[in-house]
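J.: Dropping the structure in here first, questions after.
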Amino acid sequence: MARAHKVKAAKAPEKQDLPAAKGFEIIYSQQDSDFVTGRAYSNPRFFTTPRHGVSKVYIVGDWPNIREAYEALGVEVEQLDKAPEPEITAPPLSEELAKTIQETFD
């Protein structure tokens with residue numbers, strides 16, 4: 001007959017004072033292109049529960065269930081009329097290149 005071995009429970013690590021994690025902003029939108037770099041997106045059709053760690057929510061469209069869920073957690077919610085425009089940046093033109101372009105169109 002086999003003997004049962006007693007297993008010692010692992011000691012839980014002591015609680016450490018860790019810096020608070022920085023929250024992230026999320027945009028609930030059904031857009032399929034022109035995403036703003038550095039922003040988290042989620043399709044509101046698939047919303048079931050609020051995401052952990054969100055510091056601010058942007059909603060495009062009428063999604064009262066999303067607004068209510070985040071506001072109940074004390075998270076700021078902002079309604080947008082349309083999806084945010086991505087930033088388009090171009091390197092500065094040299095004077096010579098700008099002059100050449102202008103001459104082309106004159």
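In the structure tokens, chains take the letters A, B, ... in the order shown, each chain's residues start at 1, and ligands count up from 1 in the order shown.
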Residues within 10 Å of segment 61-70 of chain A, please, as a list in words. Count only C-alpha atoms; anything in the same chain fewer than 4 positions from it doesn't count.

T.: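 The contact residues come out as Tyr28, Ser29, Gln30, Pro44, Arg45, Phe47, Thr48, Thr49, Pro50, Arg51, Val54, Ser55, Lys56, Val57, Gly74, Val75, Glu76, Val77, Glu78, Gln79, Leu80, Asp81, Lys82 and Ala83 of chain A.
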
J.: Going by DSSP on the backbone, which bits of segment 17-95 of chain A are alpha helix (DSSP H)? Write them as a VMD selection string, please.

T.: chain A and resid 64 to 72 95

J.: Would you save the residues of that selection, restricted to all heavy atoms, as a PDB file, in the first residue's frame?

T.:
```
ATOM      1  N   PRO A  64     -24.424  52.959 -24.932  1.00  0.00           N
ATOM      2  CA  PRO A  64     -24.653  53.306 -23.521  1.00  0.00           C
ATOM      3  C   PRO A  64     -24.160  52.248 -22.539  1.00  0.00           C
ATOM      4  O   PRO A  64     -23.757  52.586 -21.424  1.00  0.00           O
ATOM      5  CB  PRO A  64     -26.165  53.492 -23.429  1.00  0.00           C
ATOM      6  CG  PRO A  64     -26.726  52.820 -24.625  1.00  0.00           C
ATOM      7  CD  PRO A  64     -25.667  52.854 -25.684  1.00  0.00           C
ATOM      8  N   ASN A  65     -24.164  50.988 -22.929  1.00  0.00           N
ATOM      9  CA  ASN A  65     -23.696  49.936 -22.018  1.00  0.00           C
ATOM     10  C   ASN A  65     -22.205  50.089 -21.717  1.00  0.00           C
ATOM     11  O   ASN A  65     -21.768  49.840 -20.593  1.00  0.00           O
ATOM     12  CB  ASN A  65     -23.994  48.542 -22.578  1.00  0.00           C
ATOM     13  CG  ASN A  65     -23.351  48.307 -23.932  1.00  0.00           C
ATOM     14  OD1 ASN A  65     -23.232  49.220 -24.760  1.00  0.00           O
ATOM     15  ND2 ASN A  65     -22.951  47.078 -24.193  1.00  0.00           N
ATOM     16  N   ILE A  66     -21.430  50.531 -22.690  1.00  0.00           N
ATOM     17  CA  ILE A  66     -19.994  50.737 -22.472  1.00  0.00           C
ATOM     18  C   ILE A  66     -19.789  51.934 -21.548  1.00  0.00           C
ATOM     19  O   ILE A  66     -19.017  51.870 -20.583  1.00  0.00           O
ATOM     20  CB  ILE A  66     -19.260  50.935 -23.812  1.00  0.00           C
ATOM     21  CG1 ILE A  66     -19.387  49.667 -24.668  1.00  0.00           C
ATOM     22  CG2 ILE A  66     -17.798  51.294 -23.576  1.00  0.00           C
ATOM     23  CD1 ILE A  66     -18.839  49.812 -26.077  1.00  0.00           C
ATOM     24  N   ARG A  67     -20.491  53.025 -21.834  1.00  0.00           N
ATOM     25  CA  ARG A  67     -20.388  54.225 -20.991  1.00  0.00           C
ATOM     26  C   ARG A  67     -20.728  53.896 -19.537  1.00  0.00           C
ATOM     27  O   ARG A  67     -19.985  54.234 -18.617  1.00  0.00           O
ATOM     28  CB  ARG A  67     -21.321  55.318 -21.511  1.00  0.00           C
ATOM     29  CG  ARG A  67     -21.406  56.537 -20.575  1.00  0.00           C
ATOM     30  CD  ARG A  67     -22.316  57.608 -21.104  1.00  0.00           C
ATOM     31  NE  ARG A  67     -21.761  58.249 -22.281  1.00  0.00           N
ATOM     32  CZ  ARG A  67     -20.791  59.174 -22.245  1.00  0.00           C
ATOM     33  NH1 ARG A  67     -20.286  59.560 -21.102  1.00  0.00           N
ATOM     34  NH2 ARG A  67     -20.334  59.705 -23.355  1.00  0.00           N
ATOM     35  N   GLU A  68     -21.851  53.233 -19.318  1.00  0.00           N
ATOM     36  CA  GLU A  68     -22.306  52.919 -17.960  1.00  0.00           C
ATOM     37  C   GLU A  68     -21.312  52.022 -17.225  1.00  0.00           C
ATOM     38  O   GLU A  68     -21.039  52.232 -16.038  1.00  0.00           O
ATOM     39  CB  GLU A  68     -23.675  52.238 -18.015  1.00  0.00           C
ATOM     40  CG  GLU A  68     -24.786  53.170 -18.461  1.00  0.00           C
ATOM     41  CD  GLU A  68     -26.079  52.436 -18.817  1.00  0.00           C
ATOM     42  OE1 GLU A  68     -26.158  51.204 -18.600  1.00  0.00           O
ATOM     43  OE2 GLU A  68     -26.999  53.099 -19.318  1.00  0.00           O
ATOM     44  N   ALA A  69     -20.747  51.046 -17.921  1.00  0.00           N
ATOM     45  CA  ALA A  69     -19.822  50.109 -17.278  1.00  0.00           C
ATOM     46  C   ALA A  69     -18.560  50.814 -16.792  1.00  0.00           C
ATOM     47  O   ALA A  69     -18.104  50.586 -15.669  1.00  0.00           O
ATOM     48  CB  ALA A  69     -19.472  48.984 -18.255  1.00  0.00           C
ATOM     49  N   TYR A  70     -17.991  51.679 -17.636  1.00  0.00           N
ATOM     50  CA  TYR A  70     -16.770  52.370 -17.240  1.00  0.00           C
ATOM     51  C   TYR A  70     -17.039  53.473 -16.215  1.00  0.00           C
ATOM     52  O   TYR A  70     -16.256  53.655 -15.287  1.00  0.00           O
ATOM     53  CB  TYR A  70     -16.032  52.933 -18.451  1.00  0.00           C
ATOM     54  CG  TYR A  70     -15.234  51.886 -19.182  1.00  0.00           C
ATOM     55  CD1 TYR A  70     -15.701  51.324 -20.364  1.00  0.00           C
ATOM     56  CD2 TYR A  70     -14.006  51.443 -18.688  1.00  0.00           C
ATOM     57  CE1 TYR A  70     -14.972  50.352 -21.033  1.00  0.00           C
ATOM     58  CE2 TYR A  70     -13.274  50.482 -19.345  1.00  0.00           C
ATOM     59  CZ  TYR A  70     -13.759  49.929 -20.519  1.00  0.00           C
ATOM     60  OH  TYR A  70     -13.024  48.969 -21.171  1.00  0.00           O
ATOM     61  N   GLU A  71     -18.129  54.207 -16.376  1.00  0.00           N
ATOM     62  CA  GLU A  71     -18.447  55.249 -15.395  1.00  0.00           C
ATOM     63  C   GLU A  71     -18.696  54.647 -14.014  1.00  0.00           C
ATOM     64  O   GLU A  71     -18.359  55.260 -12.999  1.00  0.00           O
ATOM     65  CB  GLU A  71     -19.643  56.078 -15.870  1.00  0.00           C
ATOM     66  CG  GLU A  71     -19.276  57.028 -16.993  1.00  0.00           C
ATOM     67  CD  GLU A  71     -20.451  57.855 -17.510  1.00  0.00           C
ATOM     68  OE1 GLU A  71     -21.618  57.495 -17.224  1.00  0.00           O
ATOM     69  OE2 GLU A  71     -20.194  58.850 -18.202  1.00  0.00           O
ATOM     70  N   ALA A  72     -19.262  53.450 -13.961  1.00  0.00           N
ATOM     71  CA  ALA A  72     -19.484  52.781 -12.683  1.00  0.00           C
ATOM     72  C   ALA A  72     -18.157  52.472 -11.985  1.00  0.00           C
ATOM     73  O   ALA A  72     -18.104  52.366 -10.762  1.00  0.00           O
ATOM     74  CB  ALA A  72     -20.281  51.493 -12.885  1.00  0.00           C
ATOM     75  N   GLU A  95      14.897  74.106 -48.740  1.00  0.00           N
ATOM     76  CA  GLU A  95      14.534  75.238 -49.607  1.00  0.00           C
ATOM     77  C   GLU A  95      14.693  74.877 -51.072  1.00  0.00           C
ATOM     78  O   GLU A  95      13.868  75.236 -51.909  1.00  0.00           O
ATOM     79  CB  GLU A  95      15.383  76.463 -49.260  1.00  0.00           C
ATOM     80  CG  GLU A  95      14.977  77.133 -47.978  1.00  0.00           C
ATOM     81  CD  GLU A  95      15.770  78.409 -47.735  1.00  0.00           C
ATOM     82  OE1 GLU A  95      16.032  79.149 -48.717  1.00  0.00           O
ATOM     83  OE2 GLU A  95      16.106  78.655 -46.579  1.00  0.00           O
TER      84      GLU A  95
END
```

J.: How many Å lie between atom CA of Glu25 of chain A and atom CA of Gly38 of chain A, rounded to one decimal?

T.: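 Taking atom CA of Glu25 of chain A and atom CA of Gly38 of chain A, their separation equals 9.3 Å.
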
J.: Would you mind reading off the distance between atom CA of Gln31 of chain A and atom CA of Val60 of chain A, one decimal, in Å?

T.: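 Calculated distance between atom CA of Gln31 of chain A and atom CA of Val60 of chain A is 9.1 Å.
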